[in-house]
$ cat entry_1.cif   # mmCIF, C-alpha atoms
data_protein
#
loop_
_atom_site.label_atom_id
_atom_site.label_comp_id
_atom_site.auth_asym_id
_atom_site.auth_seq_id
_atom_site.Cartn_x
_atom_site.Cartn_y
_atom_site.Cartn_z
CA MET Q 1343 -62.12 -44.42 -270.99
CA THR Q 1344 -59.99 -41.31 -270.62
CA GLU Q 1345 -57.62 -40.58 -273.47
CA GLY Q 1346 -54.09 -41.10 -272.25
CA PHE Q 1347 -50.55 -41.38 -273.51
CA SER Q 1348 -49.64 -39.28 -276.52
CA THR Q 1349 -46.77 -37.32 -277.99
CA GLN Q 1350 -46.76 -34.07 -279.94
CA GLY Q 1351 -48.75 -34.49 -283.13
CA ALA Q 1352 -49.82 -37.99 -282.19
CA ILE Q 1353 -53.28 -39.47 -281.89
CA PRO Q 1354 -53.98 -39.98 -278.16
CA VAL Q 1355 -54.76 -43.48 -276.97
CA SER Q 1356 -56.54 -44.67 -273.85
CA VAL Q 1357 -54.39 -45.95 -271.01
CA ALA Q 1358 -55.64 -47.94 -268.04
CA VAL Q 1359 -53.53 -48.45 -264.92
CA ILE Q 1360 -54.82 -51.61 -263.26
CA ILE Q 1361 -53.91 -52.38 -259.65
CA PRO Q 1362 -54.89 -55.63 -257.88
CA CYS Q 1363 -55.24 -54.90 -254.13
CA TYR Q 1364 -55.51 -56.94 -250.97
CA ASN Q 1365 -55.05 -55.19 -247.61
CA GLU Q 1366 -52.84 -52.39 -248.97
CA GLU Q 1367 -54.15 -49.43 -246.94
CA VAL Q 1368 -50.60 -48.38 -246.05
CA THR Q 1369 -49.53 -48.01 -249.69
CA ILE Q 1370 -52.48 -47.82 -252.09
CA GLY Q 1371 -53.05 -44.07 -251.72
CA LYS Q 1372 -49.46 -43.28 -252.67
CA VAL Q 1373 -49.46 -45.78 -255.55
CA VAL Q 1374 -52.57 -44.19 -257.06
CA ALA Q 1375 -51.21 -40.67 -256.52
CA ASP Q 1376 -47.83 -41.54 -258.08
CA PHE Q 1377 -49.42 -43.01 -261.20
CA ARG Q 1378 -51.82 -40.08 -261.49
CA GLN Q 1379 -48.77 -37.82 -261.56
CA ALA Q 1380 -46.81 -40.02 -263.99
CA LEU Q 1381 -49.79 -40.65 -266.29
CA PRO Q 1382 -52.17 -37.72 -265.71
CA HIS Q 1383 -54.56 -38.67 -268.52
CA ALA Q 1384 -54.80 -42.38 -267.66
CA THR Q 1385 -57.71 -43.98 -265.83
CA ILE Q 1386 -56.58 -45.79 -262.69
CA PHE Q 1387 -58.49 -48.86 -261.55
CA ALA Q 1388 -58.02 -50.49 -258.14
CA TYR Q 1389 -59.63 -53.93 -257.88
CA ASP Q 1390 -60.10 -54.92 -254.26
CA ASN Q 1391 -59.80 -58.62 -253.40
CA ASN Q 1392 -61.74 -58.91 -250.12
CA SER Q 1393 -59.60 -56.49 -248.12
CA THR Q 1394 -60.40 -56.21 -244.42
CA ASP Q 1395 -58.81 -52.77 -244.02
CA ARG Q 1396 -59.41 -49.33 -245.60
CA THR Q 1397 -57.86 -50.16 -248.99
CA LYS Q 1398 -61.01 -49.38 -250.98
CA GLU Q 1399 -61.70 -46.12 -249.19
CA LEU Q 1400 -58.15 -44.82 -249.56
CA ALA Q 1401 -57.90 -45.87 -253.21
CA ALA Q 1402 -61.12 -44.01 -254.01
CA SER Q 1403 -59.97 -40.95 -252.08
CA ALA Q 1404 -56.76 -40.89 -254.12
CA GLY Q 1405 -58.74 -40.84 -257.36
CA ALA Q 1406 -58.93 -44.46 -258.45
CA VAL Q 1407 -61.97 -46.20 -259.87
CA VAL Q 1408 -62.57 -48.91 -257.27
CA ARG Q 1409 -64.12 -52.26 -258.12
CA ASP Q 1410 -64.37 -55.65 -256.40
CA GLU Q 1411 -63.34 -59.20 -257.20
CA PHE Q 1412 -64.58 -61.63 -254.56
CA ARG Q 1413 -62.74 -64.75 -255.77
CA GLN Q 1414 -59.54 -64.72 -253.72
CA GLY Q 1415 -56.22 -64.70 -255.54
CA LYS Q 1416 -54.25 -62.37 -257.78
CA GLY Q 1417 -54.94 -64.48 -260.86
CA ASN Q 1418 -58.67 -64.13 -260.32
CA VAL Q 1419 -58.30 -60.35 -260.01
CA VAL Q 1420 -56.22 -60.04 -263.19
CA ARG Q 1421 -58.72 -62.14 -265.12
CA ARG Q 1422 -61.56 -59.86 -263.98
CA MET Q 1423 -59.61 -56.68 -264.82
CA PHE Q 1424 -58.71 -57.93 -268.30
CA ALA Q 1425 -62.34 -58.85 -268.96
CA ASP Q 1426 -63.93 -55.65 -267.61
CA ILE Q 1427 -61.62 -52.86 -268.76
CA ASP Q 1428 -61.40 -51.62 -272.32
CA ALA Q 1429 -58.31 -49.62 -273.27
CA ASP Q 1430 -55.54 -49.39 -275.85
CA ILE Q 1431 -52.71 -49.81 -273.35
CA TYR Q 1432 -52.78 -51.46 -269.93
CA VAL Q 1433 -50.30 -50.87 -267.10
CA LEU Q 1434 -50.42 -53.68 -264.54
CA VAL Q 1435 -48.75 -52.92 -261.21
CA ASP Q 1436 -48.98 -54.21 -257.65
CA GLY Q 1437 -50.45 -51.97 -254.97
CA ASP Q 1438 -47.52 -52.35 -252.55
CA ASP Q 1439 -45.53 -49.24 -253.61
CA THR Q 1440 -42.41 -51.19 -254.57
CA TYR Q 1441 -42.46 -50.33 -258.29
CA ASP Q 1442 -41.45 -47.03 -259.87
CA ALA Q 1443 -44.43 -45.10 -261.26
CA ALA Q 1444 -42.11 -42.63 -263.00
CA SER Q 1445 -40.96 -45.45 -265.31
CA ALA Q 1446 -44.47 -45.97 -266.71
CA PRO Q 1447 -44.25 -43.36 -269.54
CA MET Q 1448 -40.98 -44.89 -270.69
CA LEU Q 1449 -42.46 -48.42 -270.71
CA ILE Q 1450 -45.51 -47.20 -272.61
CA ASP Q 1451 -43.35 -45.31 -275.10
CA ARG Q 1452 -41.33 -48.47 -275.80
CA LEU Q 1453 -44.54 -50.47 -276.29
CA ALA Q 1454 -45.91 -47.87 -278.73
CA SER Q 1455 -42.69 -47.06 -280.58
CA GLU Q 1456 -41.83 -50.70 -281.29
CA GLY Q 1457 -45.37 -52.03 -281.73
CA LEU Q 1458 -44.95 -54.47 -278.84
CA ASP Q 1459 -47.57 -56.53 -277.06
CA MET Q 1460 -45.87 -56.67 -273.66
CA VAL Q 1461 -43.09 -54.84 -271.85
CA ASN Q 1462 -41.89 -56.47 -268.64
CA GLY Q 1463 -40.46 -54.24 -265.91
CA ARG Q 1464 -37.41 -56.13 -264.66
CA ARG Q 1465 -36.69 -55.27 -261.04
CA LEU Q 1466 -33.39 -53.46 -260.44
CA GLY Q 1467 -31.84 -52.76 -257.07
CA GLY Q 1468 -33.77 -53.26 -253.89
CA SER Q 1469 -32.43 -54.09 -250.45
CA THR Q 1470 -32.65 -57.47 -248.76
CA GLU Q 1471 -35.91 -56.34 -247.16
CA ALA Q 1472 -37.34 -55.34 -250.54
CA TYR Q 1473 -36.32 -58.49 -252.37
CA ARG Q 1474 -35.66 -61.26 -249.88
CA ARG Q 1475 -32.96 -63.79 -250.75
CA GLY Q 1476 -35.43 -66.66 -250.74
CA HIS Q 1477 -37.70 -64.83 -253.18
CA ARG Q 1478 -34.74 -63.80 -255.34
CA PHE Q 1479 -33.41 -67.37 -255.47
CA GLY Q 1480 -36.86 -68.75 -256.25
CA ASN Q 1481 -37.35 -66.20 -259.01
CA VAL Q 1482 -34.00 -67.09 -260.60
CA MET Q 1483 -34.70 -70.82 -260.38
CA LEU Q 1484 -38.23 -70.60 -261.80
CA THR Q 1485 -37.25 -68.08 -264.47
CA SER Q 1486 -34.35 -70.32 -265.53
CA LEU Q 1487 -36.72 -73.27 -265.86
CA VAL Q 1488 -39.07 -71.27 -268.10
CA GLN Q 1489 -36.10 -69.98 -270.11
CA PHE Q 1490 -34.89 -73.54 -270.68
CA VAL Q 1491 -38.27 -74.75 -271.93
CA PHE Q 1492 -39.89 -71.74 -273.61
CA GLY Q 1493 -37.10 -69.29 -274.50
CA ARG Q 1494 -34.74 -66.78 -272.92
CA GLU Q 1495 -36.74 -63.58 -273.42
CA PHE Q 1496 -37.05 -62.66 -269.72
CA GLU Q 1497 -34.74 -62.46 -266.73
CA ASP Q 1498 -37.43 -61.51 -264.20
CA MET Q 1499 -40.45 -63.63 -265.02
CA LEU Q 1500 -42.23 -62.90 -261.73
CA SER Q 1501 -42.21 -59.10 -261.94
CA GLY Q 1502 -45.56 -57.53 -261.10
CA TYR Q 1503 -44.94 -54.47 -263.30
CA ARG Q 1504 -45.94 -54.88 -266.95
CA VAL Q 1505 -47.41 -52.93 -269.84
CA PHE Q 1506 -49.70 -54.68 -272.35
CA SER Q 1507 -51.37 -53.97 -275.64
CA ARG Q 1508 -55.10 -54.48 -276.07
CA ARG Q 1509 -54.32 -57.41 -278.37
CA PHE Q 1510 -52.44 -59.19 -275.59
CA VAL Q 1511 -55.06 -58.56 -272.91
CA LYS Q 1512 -58.06 -59.62 -274.95
CA SER Q 1513 -56.39 -62.82 -276.21
CA PHE Q 1514 -55.10 -63.93 -272.80
CA PRO Q 1515 -57.07 -66.88 -271.31
CA ALA Q 1516 -56.09 -66.14 -267.66
CA LEU Q 1517 -56.53 -69.57 -266.10
CA ALA Q 1518 -54.34 -69.02 -263.02
CA THR Q 1519 -55.91 -68.12 -259.68
CA GLY Q 1520 -52.97 -66.85 -257.59
CA PHE Q 1521 -49.43 -65.52 -257.90
CA GLU Q 1522 -48.72 -68.00 -260.69
CA ILE Q 1523 -50.46 -65.51 -263.01
CA GLU Q 1524 -47.08 -63.92 -263.90
CA THR Q 1525 -45.84 -67.29 -265.18
CA GLU Q 1526 -48.94 -67.69 -267.31
CA LEU Q 1527 -48.56 -64.17 -268.73
CA THR Q 1528 -44.96 -64.91 -269.69
CA VAL Q 1529 -45.62 -68.27 -271.31
CA HIS Q 1530 -48.62 -66.91 -273.22
CA ALA Q 1531 -46.41 -64.26 -274.83
CA LEU Q 1532 -43.61 -66.72 -275.59
CA GLU Q 1533 -45.86 -69.41 -277.05
CA LEU Q 1534 -47.60 -67.02 -279.45
CA ARG Q 1535 -44.25 -65.43 -280.35
CA MET Q 1536 -45.52 -61.96 -279.56
CA PRO Q 1537 -43.22 -58.93 -279.90
CA ILE Q 1538 -42.06 -58.38 -276.32
CA ARG Q 1539 -39.30 -56.61 -274.39
CA GLU Q 1540 -37.92 -56.50 -270.86
CA ILE Q 1541 -36.69 -53.18 -269.44
CA GLY Q 1542 -35.04 -52.57 -266.09
CA THR Q 1543 -37.00 -50.43 -263.61
CA PRO Q 1544 -36.14 -49.35 -260.04
CA TYR Q 1545 -37.46 -51.55 -257.25
CA LYS Q 1546 -37.71 -50.58 -253.59
CA GLU Q 1547 -38.74 -52.08 -250.28
CA ARG Q 1548 -42.25 -51.90 -248.90
CA PRO Q 1549 -43.03 -48.98 -246.59
CA GLU Q 1550 -43.08 -49.70 -242.88
CA GLY Q 1551 -46.31 -51.40 -241.84
CA SER Q 1552 -46.91 -52.97 -245.24
CA VAL Q 1553 -46.75 -56.78 -245.36
CA SER Q 1554 -46.08 -58.99 -248.38
CA LYS Q 1555 -48.91 -61.37 -249.32
CA LEU Q 1556 -46.53 -63.76 -251.06
CA ARG Q 1557 -46.11 -67.05 -249.19
CA THR Q 1558 -42.61 -68.19 -250.12
CA PHE Q 1559 -43.04 -71.96 -250.09
CA SER Q 1560 -46.71 -72.49 -250.93
CA ASP Q 1561 -46.79 -69.87 -253.68
CA GLY Q 1562 -43.42 -71.06 -254.97
CA PHE Q 1563 -44.80 -74.61 -255.15
CA ASN Q 1564 -47.90 -73.34 -256.98
CA ILE Q 1565 -45.72 -71.50 -259.50
CA LEU Q 1566 -43.56 -74.59 -260.04
CA SER Q 1567 -46.70 -76.71 -260.50
CA THR Q 1568 -48.00 -74.20 -263.03
CA ILE Q 1569 -44.75 -74.37 -264.99
CA LEU Q 1570 -44.90 -78.17 -265.09
CA LEU Q 1571 -48.53 -78.10 -266.22
CA LEU Q 1572 -47.69 -75.55 -268.91
CA VAL Q 1573 -44.82 -77.76 -270.09
CA ARG Q 1574 -47.22 -80.69 -270.26
CA ASP Q 1575 -49.83 -78.67 -272.16
CA GLU Q 1576 -47.54 -76.65 -274.44
CA ARG Q 1577 -44.62 -79.08 -274.89
CA PRO Q 1578 -46.30 -82.52 -274.65
CA LEU Q 1579 -43.75 -84.34 -276.83
CA GLN Q 1580 -40.85 -83.22 -274.66
CA PHE Q 1581 -42.80 -83.83 -271.44
CA PHE Q 1582 -43.90 -87.36 -272.25
CA SER Q 1583 -40.57 -88.21 -273.91
CA ILE Q 1584 -38.82 -87.49 -270.61
CA ILE Q 1585 -41.28 -89.80 -268.82
CA SER Q 1586 -40.68 -92.41 -271.51
CA LEU Q 1587 -36.91 -92.10 -271.10
CA LEU Q 1588 -37.16 -92.52 -267.32
CA LEU Q 1589 -39.29 -95.65 -267.79
CA ILE Q 1590 -36.78 -97.05 -270.29
CA LEU Q 1591 -33.94 -96.48 -267.83
CA LEU Q 1592 -35.97 -98.21 -265.12
CA THR Q 1593 -36.63 -101.11 -267.50
CA VAL Q 1594 -32.95 -101.45 -268.32
CA GLY Q 1595 -32.02 -101.30 -264.63
CA ILE Q 1596 -34.30 -104.17 -263.64
CA THR Q 1597 -33.63 -106.19 -266.81
CA ILE Q 1598 -29.81 -106.35 -266.57
CA PRO Q 1599 -29.78 -108.73 -263.54
CA LEU Q 1600 -32.36 -110.94 -265.29
CA PHE Q 1601 -30.24 -111.05 -268.42
CA VAL Q 1602 -27.05 -111.89 -266.48
CA THR Q 1603 -28.82 -114.74 -264.66
CA TYR Q 1604 -30.26 -116.05 -267.90
CA MET Q 1605 -26.81 -116.04 -269.59
CA GLN Q 1606 -25.34 -117.95 -266.66
CA THR Q 1607 -28.09 -120.50 -266.05
CA GLY Q 1608 -30.43 -120.38 -269.01
CA LEU Q 1609 -33.29 -119.73 -266.58
CA VAL Q 1610 -35.44 -116.77 -265.61
CA PRO Q 1611 -36.15 -117.49 -261.91
CA ARG Q 1612 -37.57 -114.04 -261.04
CA LEU Q 1613 -40.74 -114.05 -263.09
CA PRO Q 1614 -42.40 -111.07 -261.31
CA THR Q 1615 -39.39 -108.93 -262.16
CA ALA Q 1616 -39.62 -109.97 -265.79
CA VAL Q 1617 -43.32 -109.07 -265.83
CA LEU Q 1618 -42.50 -105.69 -264.27
CA ALA Q 1619 -39.86 -105.02 -266.94
CA THR Q 1620 -42.39 -105.85 -269.64
CA GLY Q 1621 -44.90 -103.48 -268.04
CA THR Q 1622 -42.49 -100.56 -267.72
CA SER Q 1623 -41.28 -100.97 -271.31
CA THR Q 1624 -44.91 -100.97 -272.50
CA LEU Q 1625 -45.63 -97.81 -270.48
CA ALA Q 1626 -42.52 -96.17 -271.97
CA ALA Q 1627 -43.80 -96.82 -275.48
CA LEU Q 1628 -47.30 -95.61 -274.60
CA SER Q 1629 -45.92 -92.43 -273.04
CA PHE Q 1630 -43.90 -91.61 -276.14
CA PHE Q 1631 -46.83 -92.14 -278.50
CA CYS Q 1632 -49.09 -90.08 -276.21
CA GLY Q 1633 -46.59 -87.25 -276.56
CA LEU Q 1634 -46.66 -87.55 -280.35
CA ILE Q 1635 -50.46 -87.45 -280.49
CA LEU Q 1636 -50.83 -84.62 -277.99
CA ASN Q 1637 -48.15 -82.63 -279.79
CA THR Q 1638 -50.35 -82.60 -282.88
CA VAL Q 1639 -53.33 -81.50 -280.79
CA THR Q 1640 -51.24 -78.74 -279.17
CA LEU Q 1641 -50.10 -77.41 -282.55
CA GLY Q 1642 -53.73 -77.14 -283.67
CA ARG Q 1643 -54.71 -75.39 -280.45
CA ARG Q 1644 -51.78 -72.99 -280.76
CA GLU Q 1645 -52.81 -72.12 -284.31
CA ALA Q 1646 -56.34 -71.37 -283.08
CA LYS Q 1647 -54.97 -69.15 -280.28
CA ARG Q 1648 -52.74 -67.36 -282.77
CA MET Q 1649 -55.67 -66.71 -285.11
CA GLN Q 1650 -57.73 -65.38 -282.20
CA TYR Q 1651 -54.82 -63.12 -281.23
CA LEU Q 1652 -54.51 -61.82 -284.81
CA SER Q 1653 -58.25 -61.18 -285.04
CA ILE Q 1654 -57.92 -58.41 -282.43
CA PRO Q 1655 -56.78 -55.02 -283.82
CA GLY Q 1656 -53.16 -54.25 -283.03
CA GLY Q 1657 -52.14 -51.57 -280.56
CA PRO Q 1658 -50.88 -48.07 -281.32
CA ILE Q 1659 -47.57 -47.81 -283.13
CA LYS Q 1660 -45.59 -44.56 -283.00
CA THR Q 1661 -43.38 -43.78 -285.98
CA ASP Q 1662 -41.53 -40.50 -286.62
CA GLY Q 1663 -43.38 -38.69 -283.87
CA GLN Q 1664 -46.79 -39.97 -285.01
CA LYS Q 1665 -49.09 -42.75 -283.92
CA LYS Q 1666 -51.36 -44.77 -286.07
CA GLN Q 1667 -53.91 -47.42 -285.25
#
$ encode --input "entry_1.cif" --output "structure tokens"
Amino acid sequence: MTEGFSTQGAIPVSVAVIIPCYNEEVTIGKVVADFRQALPHATIFAYDNNSTDRTKELAASAGAVVRDEFRQGKGNVVRRMFADIDADIYVLVDGDDTYDAASAPMLIDRLASEGLDMVNGRRLGGSTEAYRRGHRFGNVMLTSLVQFVFGREFEDMLSGYRVFSRRFVKSFPALATGFEIETELTVHALELRMPIREIGTPYKERPEGSVSKLRTFSDGFNILSTILLLVRDERPLQFFSIISLLLILLTVGITIPLFVTYMQTGLVPRLPTAVLATGTSTLAALSFFCGLILNTVTLGRREAKRMQYLSIPGGPIKTDGQKKQ
């Protein structure tokens, strides 16, 4: 790995720019060239995800190390990159030429100077073509949901521009397969209480001829499903308590008419309804106790993940113009 980012008098550290690519022949050459200029000592990797155009050829011509991931989906590519590449600092960026390469040294400097594990590049600016209203609304809605459940550390959870420490990358399980990978990255950092920051970076529209691979509704649904699954897995007590509460409300709703009839006549003529109320109240209790049990399991799993995270040497920290490992 080529030695990368450093400051005067500092120990240089290796930097890897990692770019997941799928049919980006219009933009990939410029993306690689821009990051070579911004980070001249970094090694740039372009992982091709079954492109049918000249993406691989143009990435290699621009100076990138080109590799393949044949399982389709951005999450699969990120998982492969994190497993294959060994570096001190990782810069993850999309290959669509919408993110600002010139901001990379600043993001890396913040990661090193504050000893962070992730810096998220929050998208600033961008025309309607660059950041369509549907995508913007979906991002706000999904980010707000994650903020409500896991914490308000990020305003742009779905940004594709991030800088990571080695400790983050090598402790990240990477279970997602598609564009929901950004959600998983965010929740992983929040759940392990990693030192993280979000910094605004310029965002621009795709060049003419370049087409977004994001499918608004299907990918949005996948991201929402991922959030709900993460809530179930990481916040089981809250998740199952909500189900329990809904079942209790249903039980009360169907029990009130039975109670009124009983007070008036002393009879319970609708026996099936009474049986249903008994069943829903039982399910409510079971759901709550499932949440309690799974919450204990989740705490144990989180402790194990935290210990695995701490077992990996921390990233470079710059203090008073110096870096130390």
$ residues_around --input "entry_1.cif" --residues "range 1535-1547 of chain Q" --least-positions-apart "2" --cutoff "8 Å" --atoms "only C-alpha atoms" --output "JSON, numbers by chain"
{"Q": [1439, 1440, 1441, 1442, 1445, 1449, 1457, 1458, 1459, 1460, 1461, 1462, 1463, 1464, 1465, 1466, 1467, 1468, 1469, 1471, 1472, 1473, 1495, 1496, 1497, 1531, 1532, 1533, 1549]}
$ resolve_selection --input "entry_1.cif" --expression "the PyMOL selection byres ((chain Q and resi 1572-1583) around 12)" --output "PyMOL selection string"
chain Q and resi 1487-1492+1517-1518+1522-1523+1525-1530+1532-1534+1565-1571+1584-1590+1625-1644
$ write_last_selection --input "entry_1.cif" --atoms "C-alpha atoms" --output "short mmCIF file (atom, residue, chain, number, x, y, z; two decimals), in the coordinates of the input"
data_model
loop_
_atom_site.label_atom_id
_atom_site.label_comp_id
_atom_site.auth_asym_id
_atom_site.auth_seq_id
_atom_site.Cartn_x
_atom_site.Cartn_y
_atom_site.Cartn_z
CA LEU Q 1487 -36.72 -73.27 -265.86
CA VAL Q 1488 -39.07 -71.27 -268.10
CA GLN Q 1489 -36.10 -69.98 -270.11
CA PHE Q 1490 -34.89 -73.54 -270.68
CA VAL Q 1491 -38.27 -74.75 -271.93
CA PHE Q 1492 -39.89 -71.74 -273.61
CA LEU Q 1517 -56.53 -69.57 -266.10
CA ALA Q 1518 -54.34 -69.02 -263.02
CA GLU Q 1522 -48.72 -68.00 -260.69
CA ILE Q 1523 -50.46 -65.51 -263.01
CA THR Q 1525 -45.84 -67.29 -265.18
CA GLU Q 1526 -48.94 -67.69 -267.31
CA LEU Q 1527 -48.56 -64.17 -268.73
CA THR Q 1528 -44.96 -64.91 -269.69
CA VAL Q 1529 -45.62 -68.27 -271.31
CA HIS Q 1530 -48.62 -66.91 -273.22
CA LEU Q 1532 -43.61 -66.72 -275.59
CA GLU Q 1533 -45.86 -69.41 -277.05
CA LEU Q 1534 -47.60 -67.02 -279.45
CA ILE Q 1565 -45.72 -71.50 -259.50
CA LEU Q 1566 -43.56 -74.59 -260.04
CA SER Q 1567 -46.70 -76.71 -260.50
CA THR Q 1568 -48.00 -74.20 -263.03
CA ILE Q 1569 -44.75 -74.37 -264.99
CA LEU Q 1570 -44.90 -78.17 -265.09
CA LEU Q 1571 -48.53 -78.10 -266.22
CA ILE Q 1584 -38.82 -87.49 -270.61
CA ILE Q 1585 -41.28 -89.80 -268.82
CA SER Q 1586 -40.68 -92.41 -271.51
CA LEU Q 1587 -36.91 -92.10 -271.10
CA LEU Q 1588 -37.16 -92.52 -267.32
CA LEU Q 1589 -39.29 -95.65 -267.79
CA ILE Q 1590 -36.78 -97.05 -270.29
CA LEU Q 1625 -45.63 -97.81 -270.48
CA ALA Q 1626 -42.52 -96.17 -271.97
CA ALA Q 1627 -43.80 -96.82 -275.48
CA LEU Q 1628 -47.30 -95.61 -274.60
CA SER Q 1629 -45.92 -92.43 -273.04
CA PHE Q 1630 -43.90 -91.61 -276.14
CA PHE Q 1631 -46.83 -92.14 -278.50
CA CYS Q 1632 -49.09 -90.08 -276.21
CA GLY Q 1633 -46.59 -87.25 -276.56
CA LEU Q 1634 -46.66 -87.55 -280.35
CA ILE Q 1635 -50.46 -87.45 -280.49
CA LEU Q 1636 -50.83 -84.62 -277.99
CA ASN Q 1637 -48.15 -82.63 -279.79
CA THR Q 1638 -50.35 -82.60 -282.88
CA VAL Q 1639 -53.33 -81.50 -280.79
CA THR Q 1640 -51.24 -78.74 -279.17
CA LEU Q 1641 -50.10 -77.41 -282.55
CA GLY Q 1642 -53.73 -77.14 -283.67
CA ARG Q 1643 -54.71 -75.39 -280.45
CA ARG Q 1644 -51.78 -72.99 -280.76
#
$ closest_residue --input "entry_1.cif" --among "Q:Pro1447, Q:Gly1480, Q:Pro1655, Q:Gly1621" --to "Tyr1432 in chain Q" --atoms "all atoms listed in the file"
Q:Pro1447
$ resolve_selection --input "entry_1.cif" --expression "the PyMOL selection byres ((chain Q and resi 1378-1381) around 7)" --output "compact mmCIF listing (two decimals) with C-alpha atoms, keeping the file's coordinate frame"
# COMPACT_ATOMS: atom_id res chain seq x y z
CA VAL Q 1374 -52.57 -44.19 -257.06
CA ALA Q 1375 -51.21 -40.67 -256.52
CA ASP Q 1376 -47.83 -41.54 -258.08
CA PHE Q 1377 -49.42 -43.01 -261.20
CA PRO Q 1382 -52.17 -37.72 -265.71
CA HIS Q 1383 -54.56 -38.67 -268.52
CA ALA Q 1384 -54.80 -42.38 -267.66
CA ALA Q 1443 -44.43 -45.10 -261.26
CA ALA Q 1444 -42.11 -42.63 -263.00
CA ALA Q 1446 -44.47 -45.97 -266.71
CA PRO Q 1447 -44.25 -43.36 -269.54
$ resolve_selection --input "entry_1.cif" --expression "the PyMOL selection byres ((chain Q and resi 1425) around 10)" --output "PyMOL selection string"
chain Q and resi 1419-1424+1426-1428+1511-1512+1514-1516
$ axis_aligned_box --input "entry_1.cif" --around "range 1397-1400 of chain Q" --padding-each-side "5 Å" --output "JSON"
{"center_x": -59.8, "center_y": -47.5, "center_z": -250.0, "size_x": 13.8, "size_y": 15.3, "size_z": 12.0}
$ closest_residue --input "entry_1.cif" --among "Q:Ile1386, Q:Val1617, Q:Val1359, Q:Ala1454" --to "Val1435 in chain Q" --atoms "all atoms listed in the file"
Q:Val1359
$ atom_distance --input "entry_1.cif" --atom1 "CA of Thr1397 in chain Q" --atom2 "CA of Phe1559 in chain Q"
26.4 Å
$ atom_distance --input "entry_1.cif" --atom1 "CA of Ala1358 in chain Q" --atom2 "CA of Phe1387 in chain Q"
7.1 Å
$ atom_distance --input "entry_1.cif" --atom1 "CA of Asp1451 in chain Q" --atom2 "CA of Lys1416 in chain Q"
26.6 Å
$ closest_residue --input "entry_1.cif" --among "Q:Leu1500, Q:Cys1363, Q:Leu1591, Q:Val1610" --to "Thr1394 in chain Q" --atoms "only C-alpha atoms"
Q:Cys1363
$ closest_residue --input "entry_1.cif" --among "Q:Leu1600, Q:Ala1616, Q:Leu1652, Q:Val1408" --to "Phe1510 in chain Q" --atoms "all atoms listed in the file"
Q:Leu1652
$ decode --input "entry_1.cif" --residues "range 1369-1380 of chain Q" --atoms "N, CA and C atoms" --output "mmCIF file, in the first residue's frame"
data_model
loop_
_atom_site.group_PDB
_atom_site.id
_atom_site.type_symbol
_atom_site.label_atom_id
_atom_site.label_comp_id
_atom_site.auth_asym_id
_atom_site.auth_seq_id
_atom_site.Cartn_x
_atom_site.Cartn_y
_atom_site.Cartn_z
ATOM 1 N N THR Q 1369 -17.896 8.867 -16.286
ATOM 2 C CA THR Q 1369 -17.368 9.649 -15.167
ATOM 3 C C THR Q 1369 -16.139 9.062 -14.491
ATOM 4 N N ILE Q 1370 -15.912 7.773 -14.582
ATOM 5 C CA ILE Q 1370 -14.906 7.132 -13.735
ATOM 6 C C ILE Q 1370 -13.494 7.675 -13.996
ATOM 7 N N GLY Q 1371 -13.164 7.977 -15.237
ATOM 8 C CA GLY Q 1371 -11.838 8.502 -15.528
ATOM 9 C C GLY Q 1371 -11.574 9.805 -14.805
ATOM 10 N N LYS Q 1372 -12.552 10.698 -14.803
ATOM 11 C CA LYS Q 1372 -12.393 11.989 -14.135
ATOM 12 C C LYS Q 1372 -12.350 11.823 -12.617
ATOM 13 N N VAL Q 1373 -13.167 10.914 -12.083
ATOM 14 C CA VAL Q 1373 -13.159 10.685 -10.637
ATOM 15 C C VAL Q 1373 -11.783 10.210 -10.184
ATOM 16 N N VAL Q 1374 -11.217 9.243 -10.892
ATOM 17 C CA VAL Q 1374 -9.895 8.735 -10.535
ATOM 18 C C VAL Q 1374 -8.848 9.841 -10.667
ATOM 19 N N ALA Q 1375 -8.904 10.598 -11.759
ATOM 20 C CA ALA Q 1375 -7.929 11.674 -11.972
ATOM 21 C C ALA Q 1375 -8.029 12.740 -10.889
ATOM 22 N N ASP Q 1376 -9.254 13.112 -10.510
ATOM 23 C CA ASP Q 1376 -9.450 14.139 -9.483
ATOM 24 C C ASP Q 1376 -8.898 13.694 -8.134
ATOM 25 N N PHE Q 1377 -9.110 12.435 -7.778
ATOM 26 C CA PHE Q 1377 -8.604 11.959 -6.488
ATOM 27 C C PHE Q 1377 -7.098 11.725 -6.528
ATOM 28 N N ARG Q 1378 -6.561 11.408 -7.688
ATOM 29 C CA ARG Q 1378 -5.098 11.319 -7.812
ATOM 30 C C ARG Q 1378 -4.469 12.692 -7.591
ATOM 31 N N GLN Q 1379 -5.140 13.728 -8.052
ATOM 32 C CA GLN Q 1379 -4.630 15.084 -7.860
ATOM 33 C C GLN Q 1379 -4.794 15.526 -6.402
ATOM 34 N N ALA Q 1380 -5.955 15.216 -5.802
ATOM 35 C CA ALA Q 1380 -6.211 15.643 -4.431
ATOM 36 C C ALA Q 1380 -5.388 14.853 -3.423
#
